[in-house]
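These notes are about the structure you will find just below.
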Amino acid sequence: MDKVSTSLAVEHLTGYGVHTIPKDVRATEEVLKSSLDNIWNDLKAKLQTETVCVKPARDGCSTGVARLCCPKDLEVYADALRRKFQHLPANCMSRAHGVIEIPVPPPQSLIFEPFIETDEIIISNKSMNGSARHLVWKGENEWLEVTVGVIGKHGEMHS
């Protein structure tokens with residue numbers, strides 16, 4: 001799945017309340033050869049954020065997705081790509097996290113986005129006003145994370 005193409009494909013839906021996160025796409029090779037301090041400062045300025053999310057550009061799963069809070073985190077991530085690690089151990093960056101699977105071989109390009117806190121949504125089976133199922137959502141954040149799974153035969157699925 002090409003995350004950048006997907007984002008561009010839904011860009012025209014902004015008027016209907018469908019928004020995408022600003023992105024900065026960089027060749028992995030460029031990141032590995034450049035000054036990571038300069039890249040970090042450039043990302044913070046371009047994305048107007050203090051915390052960055054990095055992910056492989058053409059991978060539809062959570063492999064390689066990491067929260068970066070400082071230049072040292074970017075250095076740890078870049079080193080894992082350079083050395084073709086299969087994963088980063090839990091809590092090896094500045095903020096607590098679980099094991100981060102790293103794609104091998106490294107992706108051709110990386111997407112950098114502002115890290116955005118999302119609300120948790122729960123589908124509850126507890127009765128509420130006679131309704132058997134309902135959504136429980138605090139509504140504290142503007143953003144929701146939605147994952148969609150599609151099952152079907154290759155070439156026969158349409159949207």
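Identifiers for the structure tokens are assigned positionally: chains receive A, B, ... in sequence, residues are indexed from 1 per chain, and ligands are indexed from 1 in the order shown.
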- Message: Taking 5 positions as the minimum chain separation for residues in the same chain, which residues sit within 12 Å of stretch 62-69 of chain A when counting only C-alpha atoms? Answer as a PyMOL selection string.
- Response: chain A and resi 1+3+40-41+43-44+49-57+74-78+80-81+84-107+109-117+147
Just C-alpha atoms for this one: save the residues we selected as a short mmCIF file (atom, residue, chain, number, x, y, z; two decimals), in the first residue's frame.
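Saved to part-v7.cif:
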```cif
data_model
loop_
_atom_site.label_atom_id
_atom_site.label_comp_id
_atom_site.auth_asym_id
_atom_site.auth_seq_id
_atom_site.Cartn_x
_atom_site.Cartn_y
_atom_site.Cartn_z
CA MET A 1 0.00 0.00 0.00
CA LYS A 3 0.53 5.66 1.92
CA TRP A 40 15.44 16.59 12.56
CA ASN A 41 15.39 20.40 12.63
CA LEU A 43 11.26 18.04 9.91
CA LYS A 44 10.22 19.96 13.02
CA THR A 49 5.68 19.56 15.49
CA GLU A 50 7.91 18.53 18.37
CA THR A 51 7.30 14.79 17.95
CA VAL A 52 7.56 12.96 14.63
CA CYS A 53 6.15 9.67 13.39
CA VAL A 54 8.31 7.78 10.86
CA LYS A 55 7.09 4.90 8.69
CA PRO A 56 8.04 3.08 5.49
CA ALA A 57 6.32 4.74 2.51
CA LEU A 74 16.16 9.43 14.65
CA GLU A 75 19.76 8.24 15.00
CA VAL A 76 18.65 4.96 16.63
CA TYR A 77 16.06 4.39 13.88
CA ALA A 78 18.50 5.22 11.06
CA ALA A 80 18.66 0.06 12.66
CA LEU A 81 17.94 0.58 8.95
CA LYS A 84 19.48 -4.11 8.71
CA PHE A 85 18.20 -4.97 12.18
CA GLN A 86 14.98 -6.98 12.16
CA HIS A 87 13.63 -5.08 15.15
CA LEU A 88 14.36 -2.40 17.71
CA PRO A 89 14.13 -3.65 21.29
CA ALA A 90 11.48 -2.19 23.58
CA ASN A 91 12.34 1.13 25.22
CA CYS A 92 15.53 1.83 23.24
CA MET A 93 14.34 5.35 22.38
CA SER A 94 13.64 8.34 24.61
CA ARG A 95 9.97 7.46 25.13
CA ALA A 96 8.68 4.07 26.36
CA HIS A 97 7.58 1.76 23.53
CA GLY A 98 7.27 -1.90 22.63
CA VAL A 99 9.38 -3.84 20.15
CA ILE A 100 9.43 -2.10 16.75
CA GLU A 101 9.70 -4.44 13.76
CA ILE A 102 12.05 -3.06 11.10
CA PRO A 103 11.57 -3.91 7.40
CA VAL A 104 14.45 -5.87 5.85
CA PRO A 105 15.63 -4.83 3.37
CA PRO A 106 15.11 -1.16 4.28
CA PRO A 107 12.34 0.64 2.37
CA SER A 109 11.62 5.89 1.15
CA LEU A 110 10.32 6.99 4.53
CA ILE A 111 7.33 9.11 5.47
CA PHE A 112 7.68 11.59 8.32
CA GLU A 113 4.49 13.02 9.85
CA PRO A 114 3.59 14.91 13.01
CA PHE A 115 2.92 12.38 15.77
CA ILE A 116 -0.74 12.80 16.66
CA GLU A 117 -2.46 11.53 19.78
CA THR A 147 -7.95 0.72 10.26
#
```
- List every residue of stretch 1-62 of chain A that DSSP, applied to the backbone of this structure, assigns to strand (DSSP E or B), and report them as a PyMOL selection string. chain A and resi 24-27+52-56
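Using only C-alpha atoms, the protein and nucleic acid residues lying no more than 10 Å from stretch 138-140 of chain A, apart from those fewer than 5 places from it along its own chain, are A:Glu117, A:Thr118, A:Asp119, A:Glu120, A:Ile121, A:Ile122.
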- Can you list, as a count of residues only, all residues belonging to chain A that DSSP tags as helix (DSSP H, G or I)? 44
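Of the listed residues A:Leu32, A:Trp143, A:Val25, A:Ile123, the one whose atoms come nearest to A:Asp2 is A:Val25, with distances taken using only C-alpha atoms.
For the pair atom CA of A:Arg58 and atom CA of A:Ser5, the separation is 9.3 Å.
Counting only C-alpha atoms, the residue from A:Ala27, A:Val4, A:Leu135, A:Leu47 that sits nearest to A:Gln108 is A:Ala27.
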